[in-house]
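Note sheet for the following structure.
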Amino acid sequence: MQQSMEGMAQCPHCAHNAPRSHFGTQAQTAGLLPVRRRVSQALPEAPEPVVFQPQQPVFKSSAPAPHYAAWPGMQPAAGSVAAPVARMVLQPSQALMPVGEPPAHAEFVTPEHQRGSPWKNAFILLTLLLICGVAAWLWWDQAQAPPVVVPPVTSSPSPQPEVRPAQIATKTESAVTKIALPDVDAHAADAKALITELFAADTPQRRAACIHEAEKHAAEIEGLLGANAEKKVELRLLARIPGLPLSLPSGRLIPLFRVVTSQCANGALIRLETGADGKRRIHWPLFYETHEAKLTAFISQPGDAGAWLHAGLRPSHGLDIPAELRPKYLTFDVQVSASSTPHYVACVERDTPLGRFLDRETDWGKSYLARLLVRRLDIRGDAPCLIVMDCEGAKEGGEVDGER
């Protein structure tokens, strides 16, 4: 092997490791006779040594006899002579391989614990046959079923609305079933035209033409929008408020609109009222009170005086008042502007005719618009509280316009 003299070398025939100087060069080994190779692996049984004749040439025949004594457990046949095998005959890759027939191997047998059950395939086949049989029986039963005869449809009277036991239908519920829904698009078109004309009018006559019963509110109209007003009110925004609140106690559905001006950032409430001539005009008290924040100014004044004011109502659980007072009062969230601010709470004593009336006429999840007689309620709560003493249209004892 082409390696340095100082390094370790390995014989390619006998796999012996030694310094390179221990091995002879090609010139030194040219006259040596072939010797038997040595195997570095430990063999179970060492074969008998074979003696070579020094005078015997290296290659006597072109096909030397195979040497079987090198394989463990293999013995030459009786009467045969083991022929030597020269190491020069074997290739370098065969130098470490034993010569001879390999021993016979036993056939592989699957272990007992890995063998499948002989009944498994039979059980699967039986299950499939059972499923196919059930499916075929269901199909046959459906195919042989008699045809279904559909009776002719006969007209039946429409079901009557269920009447609550021991209770009388409220006037609000009766009005909703009798009065048709308002034409919201027509109301929106009229509101846009009236509001635009009201703020653009330069004479009292033009302004009065936009207001329902303007002769009753002439002083307030001119004081707010007239030429002698302290500040000119400019229109900023007009939009419709989603939903249709109910009026108390009539139960009519009322489209509401929001008007934002230069003096009312929260927005005032506007509704339209139909006059005797069939034309819609602006309901001035609701617009004026919400634009000028009359309820906020009233509740900030000391005293026990009452006042009639328009407000929106929505039933609530009374979480803004102390827990010990909740069984005593019916509570409502009060809306006095087009936005959710400011927030007030209206309380009505339960054991009163007005409390029974409002309890019967209002439902959860609905909003109402009414004109109320209120005064300030001095209790410690999370929001300013009002006590409702009367509702316009509701008589004493819960009667409304002469009807219960």
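For the structure tokens, the naming scheme is as follows: chains receive sequential letters (A, B, ...) according to their order of presentation, residues are indexed from 1 within each chain, and ligands are indexed from 1 in presentation order.
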Quiz item: Can you tell me, as JSON, numbers by chain, what residues are no more than 12 Å from Asn228 of chain A when counting only C-alpha atoms, ignoring any on the same chain fewer than 6 positions away?
Solution: {"A": [202, 203, 204, 219, 220, 221, 222]}
Quiz item: Could you pull out the strand (DSSP E) residues of segment 106-355 of chain A from DSSP and send them as number ranges by chain?
Solution: A: 235-240, 246-247, 257-261, 264-270, 272-274, 280-282, 307-316, 329-335, 344-349
Residues as selected, C-alpha atoms, written as an mmCIF file, in the first residue's frame, can you do that?
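Just written: again-v3.cif:
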```cif
data_model
loop_
_atom_site.group_PDB
_atom_site.id
_atom_site.type_symbol
_atom_site.label_atom_id
_atom_site.label_comp_id
_atom_site.auth_asym_id
_atom_site.auth_seq_id
_atom_site.Cartn_x
_atom_site.Cartn_y
_atom_site.Cartn_z
ATOM 1 C CA LEU A 235 -79.000 73.384 11.154
ATOM 2 C CA ARG A 236 -76.152 70.832 11.235
ATOM 3 C CA LEU A 237 -77.709 67.377 10.861
ATOM 4 C CA LEU A 238 -81.052 65.700 10.238
ATOM 5 C CA ALA A 239 -81.387 61.905 10.570
ATOM 6 C CA ARG A 240 -84.053 59.328 11.383
ATOM 7 C CA LEU A 246 -95.205 53.906 20.959
ATOM 8 C CA SER A 247 -97.102 56.887 22.225
ATOM 9 C CA PHE A 257 -85.995 62.203 13.867
ATOM 10 C CA ARG A 258 -82.784 63.677 15.233
ATOM 11 C CA VAL A 259 -81.893 67.310 14.606
ATOM 12 C CA VAL A 260 -78.432 68.623 15.521
ATOM 13 C CA THR A 261 -78.012 72.393 15.554
ATOM 14 C CA CYS A 264 -77.748 71.478 20.612
ATOM 15 C CA ALA A 265 -74.879 69.054 20.058
ATOM 16 C CA ASN A 266 -76.734 66.060 21.567
ATOM 17 C CA GLY A 267 -79.575 66.468 19.102
ATOM 18 C CA ALA A 268 -83.223 67.351 19.605
ATOM 19 C CA LEU A 269 -86.167 65.023 19.019
ATOM 20 C CA ILE A 270 -88.695 65.791 16.292
ATOM 21 C CA LEU A 272 -94.653 65.047 12.946
ATOM 22 C CA GLU A 273 -98.301 65.644 13.759
ATOM 23 C CA THR A 274 -101.141 65.464 11.219
ATOM 24 C CA ARG A 280 -98.040 66.784 8.492
ATOM 25 C CA ARG A 281 -96.245 69.451 10.470
ATOM 26 C CA ILE A 282 -93.614 69.604 13.235
ATOM 27 C CA ALA A 307 -93.593 70.184 35.694
ATOM 28 C CA TRP A 308 -95.159 68.707 32.578
ATOM 29 C CA LEU A 309 -92.464 67.571 30.172
ATOM 30 C CA HIS A 310 -92.126 65.278 27.152
ATOM 31 C CA ALA A 311 -89.761 62.335 27.538
ATOM 32 C CA GLY A 312 -88.988 58.926 26.144
ATOM 33 C CA LEU A 313 -89.451 55.921 28.467
ATOM 34 C CA ARG A 314 -88.059 52.394 28.477
ATOM 35 C CA PRO A 315 -88.747 49.848 31.285
ATOM 36 C CA SER A 316 -85.668 48.974 33.331
ATOM 37 C CA TYR A 329 -90.991 51.501 42.474
ATOM 38 C CA LEU A 330 -91.434 50.740 38.808
ATOM 39 C CA THR A 331 -88.403 52.214 37.058
ATOM 40 C CA PHE A 332 -87.883 53.581 33.542
ATOM 41 C CA ASP A 333 -84.862 54.919 31.686
ATOM 42 C CA VAL A 334 -85.643 58.474 30.553
ATOM 43 C CA GLN A 335 -84.462 59.855 27.204
ATOM 44 C CA TYR A 344 -82.154 59.952 34.140
ATOM 45 C CA VAL A 345 -84.338 57.426 35.976
ATOM 46 C CA ALA A 346 -88.104 57.796 36.348
ATOM 47 C CA CYS A 347 -89.769 56.028 39.293
ATOM 48 C CA VAL A 348 -93.461 55.215 39.741
ATOM 49 C CA GLU A 349 -94.907 53.767 42.920
#
```
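Atom CA of Leu358 of chain A to atom CA of Gly306 of chain A spans 19.1 Å [interatomic distance, one decimal].
If you count only C-alpha atoms and ignore residues fewer than 5 places along the chain from Leu248 of chain A, what sits within 9 Å of it is Thr172, Glu361, Thr362, Tyr368, Leu369, Ala370, Arg371, Cys391, Glu392, Gly393 and Ala394 of chain A.
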Self-check item: Lys279 of chain A environment, 12 Å, only C-alpha atoms, sequence neighbours closer than 6 positions dropped, as a PyMOL selection string
Solution: chain A and resi 186-187+190-191+194+209-213+272-273
Quiz item: Can you list, as an NGL selection string, every residue of segment 133-346 of chain A that DSSP puts in helix (DSSP H, G or I)?
Solution: :A and (133-143 or 171-178 or 184-200 or 204-208 or 214-225 or 284-291 or 294-299 or 323-325)
Exercise. Would you please work out which residue, of A:Lys328, A:His113, A:Arg207, A:His343, is nearest to Trp284 of chain A when using only C-alpha atoms?
Key: A:Arg207
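Here atom CA of Val336 of chain A stands at a distance of 7.4 Å from atom CA of Ala293 of chain A.
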